[in-house]
$ cat entry-v4.txt   # compact mmCIF, C-alpha atoms and all ligand atoms
# COMPACT_ATOMS: atom_id res chain seq x y z
CA MET N 1 18.11 99.27 100.42
CA LYS N 2 21.18 100.34 98.47
CA VAL N 3 24.58 99.72 100.01
CA ALA N 4 28.15 100.73 99.10
CA VAL N 5 31.25 98.86 100.31
CA VAL N 6 34.41 100.96 100.58
CA GLY N 7 37.74 99.12 100.72
CA TYR N 8 38.04 95.94 98.69
CA GLY N 9 41.15 94.35 100.18
CA TYR N 10 41.10 91.27 102.40
CA TRP N 11 37.86 91.89 104.34
CA GLY N 12 35.81 94.02 101.91
CA PRO N 13 34.88 91.08 99.60
CA ASN N 14 33.28 89.31 102.59
CA LEU N 15 31.01 92.31 103.13
CA VAL N 16 30.12 92.47 99.43
CA ARG N 17 29.32 88.73 99.41
CA ASN N 18 27.16 88.89 102.53
CA PHE N 19 25.26 92.04 101.59
CA SER N 20 24.70 90.58 98.10
CA TRP N 21 23.04 87.51 99.63
CA LEU N 22 20.51 89.54 101.60
CA GLU N 23 17.05 89.82 100.19
CA GLY N 24 16.02 93.39 99.48
CA VAL N 25 19.61 94.63 99.55
CA ASP N 26 21.42 95.85 96.47
CA VAL N 27 25.19 96.45 96.53
CA LYS N 28 25.24 99.45 94.22
CA TYR N 29 28.92 100.43 94.63
CA VAL N 30 32.26 98.91 95.52
CA CYS N 31 34.97 101.52 96.01
CA ASP N 32 38.73 101.15 96.37
CA LEU N 33 41.57 103.58 95.72
CA ASP N 34 43.41 100.77 93.98
CA ARG N 35 41.83 100.27 90.53
CA SER N 36 43.45 96.84 90.14
CA ARG N 37 41.46 95.54 93.13
CA LEU N 38 38.22 96.61 91.49
CA ASP N 39 38.94 94.67 88.29
CA LYS N 40 38.03 91.46 90.13
CA VAL N 41 34.65 92.68 91.35
CA SER N 42 32.54 92.20 88.21
CA SER N 43 33.53 88.57 87.62
CA LEU N 44 32.86 87.58 91.24
CA PHE N 45 29.86 89.82 91.88
CA PRO N 46 28.05 90.65 88.63
CA ASN N 47 25.22 92.07 90.77
CA VAL N 48 27.39 95.05 91.78
CA SER N 49 26.34 97.97 89.57
CA ILE N 50 29.30 100.34 89.82
CA THR N 51 32.96 100.12 90.83
CA THR N 52 34.73 103.37 91.53
CA THR N 53 37.88 104.90 92.96
CA GLU N 54 35.93 108.09 93.76
CA TYR N 55 34.37 107.94 97.23
CA GLN N 56 32.67 111.28 96.60
CA GLN N 57 30.56 109.65 93.87
CA ILE N 58 28.94 107.44 96.55
CA LEU N 59 28.40 110.33 98.95
CA ASP N 60 26.72 112.33 96.19
CA ASP N 61 24.36 109.51 95.17
CA PRO N 62 21.03 110.02 96.99
CA GLU N 63 20.06 106.42 96.21
CA VAL N 64 22.74 105.05 98.54
CA ASP N 65 21.24 104.39 101.99
CA ALA N 66 24.21 102.82 103.76
CA ILE N 67 27.99 102.60 103.53
CA ALA N 68 30.28 99.88 104.90
CA ILE N 69 33.89 100.97 105.50
CA ALA N 70 36.55 98.24 105.20
CA THR N 71 39.69 100.31 104.72
CA PRO N 72 42.76 100.49 106.99
CA VAL N 73 42.07 101.84 110.49
CA ASN N 74 43.79 105.20 109.99
CA SER N 75 41.26 106.12 107.27
CA HIS N 76 38.11 105.09 109.20
CA PHE N 77 37.40 108.46 110.80
CA GLN N 78 37.69 110.61 107.71
CA LEU N 79 35.58 108.29 105.55
CA SER N 80 33.00 107.72 108.29
CA GLU N 81 32.59 111.38 109.15
CA ALA N 82 31.97 112.18 105.48
CA ALA N 83 29.43 109.33 105.20
CA LEU N 84 27.44 110.53 108.21
CA GLN N 85 27.62 114.14 107.02
CA ALA N 86 26.15 112.93 103.73
CA GLY N 87 23.27 111.31 105.66
CA LYS N 88 24.28 107.67 105.11
CA HIS N 89 23.85 104.85 107.63
CA LEU N 90 27.23 103.41 108.53
CA LEU N 91 28.92 100.11 109.27
CA ILE N 92 32.61 100.55 110.17
CA GLU N 93 35.14 97.78 110.45
CA LYS N 94 36.76 97.12 113.80
CA PRO N 95 38.44 98.95 115.44
CA MET N 96 36.08 101.86 114.95
CA THR N 97 38.82 104.52 114.79
CA ASP N 98 42.36 105.00 116.08
CA THR N 99 41.56 107.56 118.81
CA VAL N 100 38.91 107.87 121.51
CA GLU N 101 38.15 111.46 120.47
CA SER N 102 37.39 110.55 116.87
CA ALA N 103 35.25 107.56 117.92
CA ASN N 104 33.23 109.81 120.26
CA ARG N 105 32.85 112.37 117.50
CA LEU N 106 31.27 109.76 115.20
CA VAL N 107 28.79 108.76 117.92
CA GLU N 108 27.76 112.40 118.35
CA LEU N 109 27.47 112.92 114.61
CA ALA N 110 25.35 109.79 114.11
CA LYS N 111 22.98 111.04 116.83
CA GLU N 112 22.85 114.50 115.28
CA LYS N 113 22.06 113.06 111.84
CA ASP N 114 19.80 110.33 113.23
CA ARG N 115 21.70 107.60 111.38
CA VAL N 116 22.51 104.02 112.39
CA LEU N 117 26.16 103.67 113.38
CA MET N 118 27.41 100.13 113.83
CA VAL N 119 30.91 98.67 114.23
CA ASP N 120 31.77 95.32 112.70
CA HIS N 121 32.75 93.30 115.75
CA THR N 122 32.07 90.08 113.86
CA PHE N 123 32.60 87.67 116.74
CA LEU N 124 29.51 88.93 118.57
CA TYR N 125 27.42 87.47 115.77
CA THR N 126 28.95 83.98 115.83
CA GLY N 127 26.83 81.10 117.09
CA ALA N 128 29.55 80.39 119.67
CA VAL N 129 29.62 83.83 121.29
CA ARG N 130 25.83 84.14 121.17
CA LYS N 131 25.61 80.80 123.02
CA ILE N 132 28.12 81.94 125.68
CA LYS N 133 26.14 85.15 126.14
CA GLU N 134 22.92 83.14 126.47
CA LEU N 135 24.47 80.86 129.12
CA VAL N 136 25.89 83.79 131.09
CA ASP N 137 22.65 85.79 130.93
CA ALA N 138 20.64 82.76 132.06
CA GLY N 139 22.87 82.53 135.15
CA LYS N 140 24.23 79.10 134.11
CA ILE N 141 27.87 80.12 134.53
CA GLY N 142 27.33 81.97 137.79
CA GLU N 143 29.41 84.92 138.80
CA ILE N 144 32.23 85.45 136.30
CA TYR N 145 35.63 85.19 137.97
CA TYR N 146 37.91 85.50 134.98
CA PHE N 147 38.15 85.76 131.18
CA ASP N 148 41.35 84.41 129.68
CA SER N 149 42.08 84.64 125.98
CA VAL N 150 44.88 83.51 123.67
CA ARG N 151 44.90 84.66 120.04
CA VAL N 152 48.22 83.81 118.42
CA ASN N 153 49.47 82.66 115.02
CA LEU N 154 52.06 83.46 112.38
CA GLY N 155 50.01 86.54 111.59
CA LEU N 156 49.97 89.09 108.84
CA PHE N 157 52.12 92.01 110.00
CA GLN N 158 50.01 95.16 109.56
CA ASN N 159 51.58 98.41 108.35
CA ASP N 160 49.58 100.82 110.43
CA VAL N 161 48.64 99.09 113.68
CA ASN N 162 50.31 96.82 116.23
CA VAL N 163 49.13 93.37 117.29
CA ILE N 164 46.84 94.83 119.98
CA TRP N 165 44.92 97.10 117.61
CA ASP N 166 44.72 94.27 115.08
CA LEU N 167 43.71 91.27 117.22
CA ALA N 168 42.49 92.50 120.61
CA PRO N 169 39.28 94.12 119.26
CA HIS N 170 37.95 90.58 118.80
CA ASP N 171 38.58 89.44 122.36
CA LEU N 172 37.77 92.76 124.00
CA SER N 173 34.47 92.87 122.15
CA ILE N 174 33.60 89.33 123.26
CA MET N 175 34.52 90.19 126.86
CA THR N 176 32.48 93.42 126.78
CA TYR N 177 29.48 91.63 125.32
CA VAL N 178 29.57 88.68 127.70
CA ILE N 179 30.53 90.36 130.99
CA ASP N 180 27.86 92.81 132.00
CA LYS N 181 30.13 94.96 134.18
CA LYS N 182 32.13 98.09 133.56
CA PRO N 183 35.90 97.60 133.27
CA VAL N 184 37.92 100.12 135.25
CA SER N 185 41.52 100.00 134.08
CA VAL N 186 43.91 98.39 131.64
CA SER N 187 47.54 97.36 131.80
CA ALA N 188 49.61 96.06 128.89
CA VAL N 189 53.11 95.15 127.90
CA GLY N 190 54.36 94.41 124.41
CA VAL N 191 57.47 94.22 122.30
CA SER N 192 58.33 94.79 118.64
CA HIS N 193 60.83 92.34 117.17
CA VAL N 194 60.43 93.00 113.48
CA LYS N 195 59.09 96.46 112.77
CA ASP N 196 60.14 99.48 114.76
CA GLY N 197 57.42 100.63 117.06
CA LEU N 198 54.74 98.14 116.05
CA GLU N 199 54.47 95.50 118.77
CA ASN N 200 54.06 91.96 117.43
CA ILE N 201 53.57 90.31 120.83
CA ALA N 202 51.55 91.74 123.70
CA TYR N 203 49.88 90.83 126.99
CA LEU N 204 46.92 92.86 128.12
CA THR N 205 45.03 92.81 131.42
CA VAL N 206 41.65 94.37 132.13
CA PHE N 207 40.61 95.10 135.72
CA TYR N 208 37.09 95.52 137.04
CA GLU N 209 35.85 97.15 140.24
CA ASP N 210 35.50 93.74 141.86
CA THR N 211 37.79 90.72 141.47
CA THR N 212 36.61 89.93 137.92
CA PHE N 213 39.78 89.70 135.89
CA ALA N 214 40.49 89.48 132.16
CA HIS N 215 43.74 88.64 130.42
CA PHE N 216 44.66 88.56 126.73
CA HIS N 217 47.67 87.20 124.90
CA MET N 218 48.20 88.32 121.30
CA ASN N 219 51.09 87.30 119.07
CA TRP N 220 51.81 87.52 115.32
CA LEU N 221 54.95 85.45 115.73
CA SER N 222 53.62 82.15 117.00
CA PRO N 223 54.45 78.90 115.20
CA ILE N 224 50.98 77.57 115.93
CA LYS N 225 47.53 79.07 115.67
CA VAL N 226 45.57 79.24 118.92
CA ARG N 227 42.17 80.85 119.29
CA GLN N 228 41.01 79.99 122.76
CA ILE N 229 39.00 81.75 125.43
CA MET N 230 38.38 80.37 128.92
CA ILE N 231 35.70 81.83 131.12
CA GLY N 232 35.70 80.81 134.74
CA GLY N 233 32.45 81.18 136.65
CA SER N 234 31.28 80.29 140.11
CA LYS N 235 28.92 77.61 138.72
CA LYS N 236 30.48 76.47 135.43
CA MET N 237 33.50 77.08 133.25
CA VAL N 238 33.43 77.59 129.50
CA VAL N 239 36.17 76.84 126.99
CA TYR N 240 35.69 78.37 123.54
CA ASN N 241 38.12 76.91 121.03
CA ASP N 242 37.53 78.61 117.69
CA MET N 243 39.88 76.16 115.94
CA GLU N 244 37.43 73.31 116.63
CA ASN N 245 35.08 72.56 113.77
CA THR N 246 32.08 71.20 115.59
CA GLU N 247 32.46 71.47 119.37
CA LYS N 248 33.68 75.04 119.63
CA ILE N 249 32.14 75.54 123.06
CA LYS N 250 32.60 73.18 125.98
CA VAL N 251 30.88 73.80 129.28
CA TYR N 252 32.55 72.19 132.29
CA ASP N 253 30.84 71.57 135.58
CA SER N 254 34.13 72.27 137.37
CA GLY N 255 35.05 74.56 140.20
CA VAL N 256 35.87 74.82 143.85
CA GLU N 257 33.73 75.42 146.87
CA THR N 258 35.05 76.60 150.17
CA LYS N 259 33.51 75.44 153.42
CA PRO N 260 34.39 76.59 156.92
CA GLY N 261 36.72 74.11 158.65
CA SER N 262 35.72 71.99 161.68
CA LYS N 263 36.00 73.39 165.20
CA ASP N 264 39.52 71.97 165.48
CA GLU N 265 40.52 73.87 162.39
CA LEU N 266 38.52 76.96 163.24
CA TYR N 267 40.58 79.34 161.18
CA GLN N 268 41.10 77.05 158.26
CA THR N 269 38.90 76.79 155.21
CA LEU N 270 38.43 73.59 153.29
CA VAL N 271 38.53 73.75 149.51
CA GLN N 272 36.35 71.17 147.84
CA TYR N 273 36.87 70.41 144.18
CA ARG N 274 34.02 69.77 141.82
CA THR N 275 34.74 68.00 138.54
CA GLY N 276 31.44 67.03 136.99
CA ASP N 277 30.25 66.53 133.45
CA MET N 278 31.27 68.41 130.35
CA TYR N 279 28.91 69.11 127.46
CA ALA N 280 29.19 70.82 124.09
CA PRO N 281 26.03 72.80 123.23
CA LYS N 282 24.67 72.87 119.69
CA LEU N 283 25.54 76.10 117.91
CA ASP N 284 23.95 78.11 115.13
CA GLN N 285 26.26 77.59 112.13
CA THR N 286 25.15 80.65 110.14
CA GLU N 287 28.11 82.74 108.96
CA ALA N 288 28.56 85.50 111.54
CA LEU N 289 28.96 88.24 108.96
CA ARG N 290 25.71 87.26 107.33
CA THR N 291 23.87 87.52 110.65
CA GLU N 292 25.60 90.83 111.25
CA CYS N 293 24.81 92.36 107.84
CA ARG N 294 21.15 91.32 108.32
CA HIS N 295 21.18 92.93 111.77
CA PHE N 296 22.61 96.16 110.31
CA ILE N 297 19.85 96.34 107.70
CA ASP N 298 17.19 95.46 110.32
CA CYS N 299 18.47 98.26 112.55
CA ILE N 300 18.02 100.73 109.70
CA VAL N 301 14.60 99.48 108.63
CA LYS N 302 13.10 98.84 112.07
CA GLY N 303 14.94 101.52 114.05
CA ILE N 304 16.61 98.97 116.37
CA ARG N 305 19.78 99.80 118.29
CA PRO N 306 22.69 97.68 116.99
CA ILE N 307 24.31 95.20 119.39
CA SER N 308 27.71 96.62 118.40
CA ASP N 309 26.65 100.24 118.09
CA GLY N 310 28.85 103.33 118.16
CA GLU N 311 28.98 103.44 121.97
CA PHE N 312 30.07 99.81 122.02
CA GLY N 313 32.80 100.64 119.47
CA VAL N 314 33.99 103.54 121.65
CA GLN N 315 34.38 101.22 124.66
CA ILE N 316 36.68 98.97 122.64
CA VAL N 317 38.73 101.89 121.27
CA LYS N 318 39.12 103.18 124.85
CA MET N 319 40.58 99.88 126.01
CA LEU N 320 42.92 99.77 122.99
CA ALA N 321 44.08 103.35 123.60
CA ALA N 322 44.60 102.56 127.30
CA ALA N 323 46.62 99.48 126.36
CA GLN N 324 48.75 101.58 124.02
CA ALA N 325 49.35 104.21 126.72
CA SER N 326 50.20 101.46 129.20
CA ILE N 327 52.75 99.86 126.87
CA GLU N 328 54.42 103.24 126.48
CA GLN N 329 54.63 103.48 130.31
CA GLN N 330 56.00 99.96 130.89
CA GLY N 331 52.71 98.38 131.88
CA LYS N 332 51.33 101.13 134.11
CA LYS N 333 47.64 100.68 134.96
CA ILE N 334 45.61 103.21 132.94
CA ARG N 335 42.16 104.13 134.21
CA LEU N 336 39.55 104.08 131.45
CA ASP N 337 37.75 107.12 132.85
CA SER N 338 40.94 109.13 132.32
CA LEU N 339 40.56 108.82 128.54
N1 LIG O 1 35.79 91.93 111.25
C1 LIG O 1 36.84 91.17 111.02
O1 LIG O 1 36.92 90.01 111.45
C2 LIG O 1 37.98 91.75 110.22
C3 LIG O 1 38.92 90.92 109.61
C4 LIG O 1 39.94 91.50 108.89
C5 LIG O 1 40.04 92.87 108.77
N2 LIG O 1 39.10 93.64 109.40
C6 LIG O 1 39.18 95.11 109.32
O2 LIG O 1 38.87 95.52 108.00
C7 LIG O 1 39.60 96.71 107.68
C8 LIG O 1 40.40 96.46 106.40
O3 LIG O 1 41.31 95.41 106.65
P1 LIG O 1 41.88 94.54 105.44
O4 LIG O 1 42.66 93.45 106.09
O5 LIG O 1 40.82 94.21 104.46
O6 LIG O 1 42.91 95.59 104.77
P2 LIG O 1 43.53 95.55 103.30
O7 LIG O 1 44.73 96.40 103.37
O8 LIG O 1 43.62 94.16 102.81
O9 LIG O 1 42.41 96.29 102.41
C9 LIG O 1 42.11 97.62 102.54
C10 LIG O 1 41.66 98.15 101.17
O10 LIG O 1 41.20 99.49 101.34
C11 LIG O 1 41.66 100.25 100.23
N3 LIG O 1 41.68 101.66 100.65
C12 LIG O 1 42.56 102.27 101.48
N4 LIG O 1 42.19 103.57 101.69
C13 LIG O 1 41.06 103.76 100.96
C14 LIG O 1 40.22 104.88 100.76
N5 LIG O 1 40.47 106.05 101.36
N6 LIG O 1 39.15 104.74 99.95
C15 LIG O 1 38.89 103.55 99.34
N7 LIG O 1 39.67 102.45 99.50
C16 LIG O 1 40.74 102.56 100.29
C17 LIG O 1 43.01 99.68 99.89
O11 LIG O 1 43.38 99.97 98.56
C18 LIG O 1 42.78 98.19 100.13
O12 LIG O 1 42.37 97.51 98.96
C19 LIG O 1 40.46 97.03 108.91
O13 LIG O 1 39.78 97.94 109.72
C20 LIG O 1 40.55 95.68 109.62
O14 LIG O 1 40.75 95.81 111.03
C21 LIG O 1 38.08 93.12 110.09

$ encode --input "entry-v4.txt" --output "structure tokens"
Amino acid sequence: MKVAVVGYGYWGPNLVRNFSWLEGVDVKYVCDLDRSRLDKVSSLFPNVSITTTEYQQILDDPEVDAIAIATPVNSHFQLSEAALQAGKHLLIEKPMTDTVESANRLVELAKEKDRVLMVDHTFLYTGAVRKIKELVDAGKIGEIYYFDSVRVNLGLFQNDVNVIWDLAPHDLSIMTYVIDKKPVSVSAVGVSHVKDGLENIAYLTVFYEDTTFAHFHMNWLSPIKVRQIMIGGSKKMVVYNDMENTEKIKVYDSGVETKPGSKDELYQTLVQYRTGDMYAPKLDQTEALRTECRHFIDCIVKGIRPISDGEFGVQIVKMLAAAQASIEQQGKKIRLDSL
């Protein structure tokens, strides 16, 4: 299997490293428009055969089976469309593209060309998120009432996307993976303090058909780094603190139960609190990107559908686009089926 990685900035080297580690996979090309970035490739990854600034060279090479795109979001569509047209399997960085139309177009094209299309939603491949998914699917958490996420730090201000497009793909992808229900609408508010038009703080809410409720807080201007997700269920509650080294996931046997009141209090309902034990399950410590790169190759070789396939990527882009539209309309609820 011969792979090319396009975009060798912050994230690209992680893809090169993880693909290089995989048995049976050869990173034939690393491509970046900036020649100076490529100068570092050969010392770090002597296994990489060719570095190039010419993307077309990769498209024209029949030996290349798959391409991983790790360039800024606004270039994803153009590079991805060309890769699929050239018959290459494709792994695109999150978020898949910057519009719903272009994301849908890539899904269609991948089907037409019978190629694997996967989006790098790295968190889905972490031991922590896989454990949460396992607990939810096994019915251990019960009915999910809410999903509450905080992702804030003194973040790197991006040039082309706001804090929602940069950070929310992580939390939205975790929510979509864990909650097996279709979200209906999105509302968001956000403000830009530093760069005109690019919000650096935002609050996003996702509504479902029932009372399941998800809320996200993203901020590039926070003095402290918080990466925490709380999932409240009817049976158990989960706290996922990604800043923890060992006990990232804690499962609490906490909740409330309502019981009808006595005859004297016929119309009242008694709320009974349950605060039982807490435990921290053991997690798989394998680097998420390694698991993900292996999964991508397996999908190509064995014809498996990727966990974060093109359709999954479209769902995330839809919620991001809805959030953007909502911000522009002062937090108006935007229905996802209107996009
Ligand atoms: N999965 C994750 O956890 C994760 C983490 C960080 C970034 N990302 C994603 O990775 C992508 C890249 O982010 P980054 O932080 O590495 O950006 P970056 O700006 O650090 O690097 C992007 C690189 O792409 C190169 N480039 C731009 N256009 C190109 C083109 N047309 N052809 C070839 N090279 C080109 C640039 O020269 C630059 O070196 C984004 O989509 C981002 O959202 C994902």

$ residues_around --input "entry-v4.txt" --residues "Gly232 of chain N" --least-positions-apart "6" --cutoff "8 Å" --atoms "all atoms listed in the file" --output "VMD selection string"
chain N and resid 141 144 to 147 238

$ write_last_selection --input "entry-v4.txt" --atoms "C-alpha atoms" --output "PDB file, in the frame of the given file"
ATOM      1  CA  ILE N 141      27.870  80.120 134.530  1.00  0.00           C
ATOM      2  CA  ILE N 144      32.230  85.450 136.300  1.00  0.00           C
ATOM      3  CA  TYR N 145      35.630  85.190 137.970  1.00  0.00           C
ATOM      4  CA  TYR N 146      37.910  85.500 134.980  1.00  0.00           C
ATOM      5  CA  PHE N 147      38.150  85.760 131.180  1.00  0.00           C
ATOM      6  CA  VAL N 238      33.430  77.590 129.500  1.00  0.00           C
TER       7      VAL N 238
END

$ residues_near_ligand --input "entry-v4.txt" --ligand "ligand LIG 1 (chain O)" --cutoff "7 Å" --atoms "only C-alpha atoms and all ligand atoms" --output "list in words"
Val6, Gly7, Tyr8, Gly9, Tyr10, Trp11, Gly12, Cys31, Asp32, Leu33, Asp34, Arg37, Thr53, Tyr55, Ala70, Thr71, Pro72, Val73, Ser75, Leu79, Glu93, Lys94, Pro95, Asp120, His121, Thr122 and Asp166 of chain N

$ closest_residue --input "entry-v4.txt" --among "N:Phe207, N:Phe213, N:Tyr279, N:Tyr240" --to "Leu336 of chain N" --atoms "only C-alpha atoms"
N:Phe207

$ atom_distance --input "entry-v4.txt" --atom1 "atom CA of Ala168 of chain N" --atom2 "atom CA of Val100 of chain N"
15.8 Å

$ residues_around --input "entry-v4.txt" --residues "Cys293 of chain N" --least-positions-apart "3" --cutoff "10 Å" --atoms "all atoms listed in the file" --output "PyMOL selection string"
chain N and resi 15-16+18-22+68+91+120+122+125+288-290+296-299

$ atom_distance --input "entry-v4.txt" --atom1 "atom CA of Gly303 of chain N" --atom2 "atom CA of Leu117 of chain N"
11.4 Å

$ atom_distance --input "entry-v4.txt" --atom1 "atom CA of Lys332 of chain N" --atom2 "atom CA of Lys318 of chain N"
15.5 Å

$ closest_residue --input "entry-v4.txt" --among "N:Asp242, N:Asp284, N:Asp196, N:Asp171" --to "Met319 of chain N" --atoms "only C-alpha atoms"
N:Asp171

$ closest_residue --input "entry-v4.txt" --among "N:Leu156, N:Leu44, N:Leu90, N:Ile316" --to "Ile174 of chain N" --atoms "all atoms listed in the file"
N:Ile316

$ closest_residue --input "entry-v4.txt" --among "N:Val314, N:Ala86, N:Met175, N:Val150" --to "Gln228 of chain N" --atoms "all atoms listed in the file"
N:Val150

$ closest_residue --input "entry-v4.txt" --among "N:Ala325, N:Val48, N:Ile224, N:Val3" --to "Ala188 of chain N" --atoms "only C-alpha atoms"
N:Ala325

$ residues_around --input "entry-v4.txt" --residues "Ala322 of chain N" --least-positions-apart "5" --cutoff "9 Å" --atoms "only C-alpha atoms" --output "NGL selection string"
:N and (185-188 or 317 or 327 or 333-336 or 339)

$ build_atoms --input "entry-v4.txt" --residues "segment 58-66 of chain N" --atoms "all heavy atoms" --output "PDB file, in the frame of the given file"
ATOM      1  N   ILE N  58      29.880 108.170  95.685  1.00  0.00           N
ATOM      2  CA  ILE N  58      28.940 107.440  96.550  1.00  0.00           C
ATOM      3  C   ILE N  58      28.209 108.421  97.474  1.00  0.00           C
ATOM      4  O   ILE N  58      26.994 108.352  97.655  1.00  0.00           O
ATOM      5  CB  ILE N  58      29.697 106.380  97.396  1.00  0.00           C
ATOM      6  CG1 ILE N  58      30.325 105.348  96.474  1.00  0.00           C
ATOM      7  CG2 ILE N  58      28.786 105.738  98.419  1.00  0.00           C
ATOM      8  CD1 ILE N  58      31.300 104.409  97.159  1.00  0.00           C
ATOM      9  N   LEU N  59      29.002 109.351  98.034  1.00  0.00           N
ATOM     10  CA  LEU N  59      28.400 110.330  98.950  1.00  0.00           C
ATOM     11  C   LEU N  59      27.353 111.175  98.232  1.00  0.00           C
ATOM     12  O   LEU N  59      26.329 111.548  98.804  1.00  0.00           O
ATOM     13  CB  LEU N  59      29.489 111.257  99.532  1.00  0.00           C
ATOM     14  CG  LEU N  59      30.599 110.578 100.341  1.00  0.00           C
ATOM     15  CD1 LEU N  59      31.634 111.616 100.795  1.00  0.00           C
ATOM     16  CD2 LEU N  59      30.046 109.837 101.549  1.00  0.00           C
ATOM     17  N   ASP N  60      27.624 111.465  96.960  1.00  0.00           N
ATOM     18  CA  ASP N  60      26.720 112.330  96.190  1.00  0.00           C
ATOM     19  C   ASP N  60      25.495 111.605  95.647  1.00  0.00           C
ATOM     20  O   ASP N  60      24.588 112.245  95.116  1.00  0.00           O
ATOM     21  CB  ASP N  60      27.478 112.941  94.980  1.00  0.00           C
ATOM     22  CG  ASP N  60      28.535 113.941  95.437  1.00  0.00           C
ATOM     23  OD1 ASP N  60      28.449 114.405  96.591  1.00  0.00           O
ATOM     24  OD2 ASP N  60      29.460 114.233  94.642  1.00  0.00           O
ATOM     25  N   ASP N  61      25.480 110.275  95.752  1.00  0.00           N
ATOM     26  CA  ASP N  61      24.360 109.510  95.170  1.00  0.00           C
ATOM     27  C   ASP N  61      23.233 109.384  96.213  1.00  0.00           C
ATOM     28  O   ASP N  61      23.354 108.646  97.194  1.00  0.00           O
ATOM     29  CB  ASP N  61      24.868 108.121  94.759  1.00  0.00           C
ATOM     30  CG  ASP N  61      23.774 107.325  94.044  1.00  0.00           C
ATOM     31  OD1 ASP N  61      22.583 107.675  94.183  1.00  0.00           O
ATOM     32  OD2 ASP N  61      24.127 106.346  93.364  1.00  0.00           O
ATOM     33  N   PRO N  62      22.114 110.060  95.989  1.00  0.00           N
ATOM     34  CA  PRO N  62      21.030 110.020  96.990  1.00  0.00           C
ATOM     35  C   PRO N  62      20.387 108.643  97.123  1.00  0.00           C
ATOM     36  O   PRO N  62      19.695 108.379  98.103  1.00  0.00           O
ATOM     37  CB  PRO N  62      20.028 111.052  96.445  1.00  0.00           C
ATOM     38  CG  PRO N  62      20.351 111.225  95.010  1.00  0.00           C
ATOM     39  CD  PRO N  62      21.795 110.894  94.817  1.00  0.00           C
ATOM     40  N   GLU N  63      20.648 107.770  96.141  1.00  0.00           N
ATOM     41  CA  GLU N  63      20.060 106.420  96.210  1.00  0.00           C
ATOM     42  C   GLU N  63      20.745 105.536  97.259  1.00  0.00           C
ATOM     43  O   GLU N  63      20.186 104.549  97.710  1.00  0.00           O
ATOM     44  CB  GLU N  63      20.198 105.742  94.844  1.00  0.00           C
ATOM     45  CG  GLU N  63      18.992 105.951  93.980  1.00  0.00           C
ATOM     46  CD  GLU N  63      18.946 104.942  92.833  1.00  0.00           C
ATOM     47  OE1 GLU N  63      19.841 104.097  92.673  1.00  0.00           O
ATOM     48  OE2 GLU N  63      17.987 105.036  92.094  1.00  0.00           O
ATOM     49  N   VAL N  64      21.992 105.889  97.595  1.00  0.00           N
ATOM     50  CA  VAL N  64      22.740 105.050  98.540  1.00  0.00           C
ATOM     51  C   VAL N  64      22.251 105.311  99.968  1.00  0.00           C
ATOM     52  O   VAL N  64      22.334 106.432 100.463  1.00  0.00           O
ATOM     53  CB  VAL N  64      24.272 105.303  98.438  1.00  0.00           C
ATOM     54  CG1 VAL N  64      25.037 104.565  99.531  1.00  0.00           C
ATOM     55  CG2 VAL N  64      24.775 104.915  97.067  1.00  0.00           C
ATOM     56  N   ASP N  65      21.739 104.244 100.613  1.00  0.00           N
ATOM     57  CA  ASP N  65      21.240 104.390 101.990  1.00  0.00           C
ATOM     58  C   ASP N  65      22.341 104.183 103.006  1.00  0.00           C
ATOM     59  O   ASP N  65      22.360 104.834 104.049  1.00  0.00           O
ATOM     60  CB  ASP N  65      20.169 103.306 102.259  1.00  0.00           C
ATOM     61  CG  ASP N  65      19.013 103.404 101.286  1.00  0.00           C
ATOM     62  OD1 ASP N  65      18.231 104.349 101.434  1.00  0.00           O
ATOM     63  OD2 ASP N  65      18.916 102.556 100.378  1.00  0.00           O
ATOM     64  N   ALA N  66      23.250 103.216 102.733  1.00  0.00           N
ATOM     65  CA  ALA N  66      24.210 102.820 103.760  1.00  0.00           C
ATOM     66  C   ALA N  66      25.580 102.546 103.154  1.00  0.00           C
ATOM     67  O   ALA N  66      25.692 102.091 102.013  1.00  0.00           O
ATOM     68  CB  ALA N  66      23.705 101.581 104.471  1.00  0.00           C
TER      69      ALA N  66
END
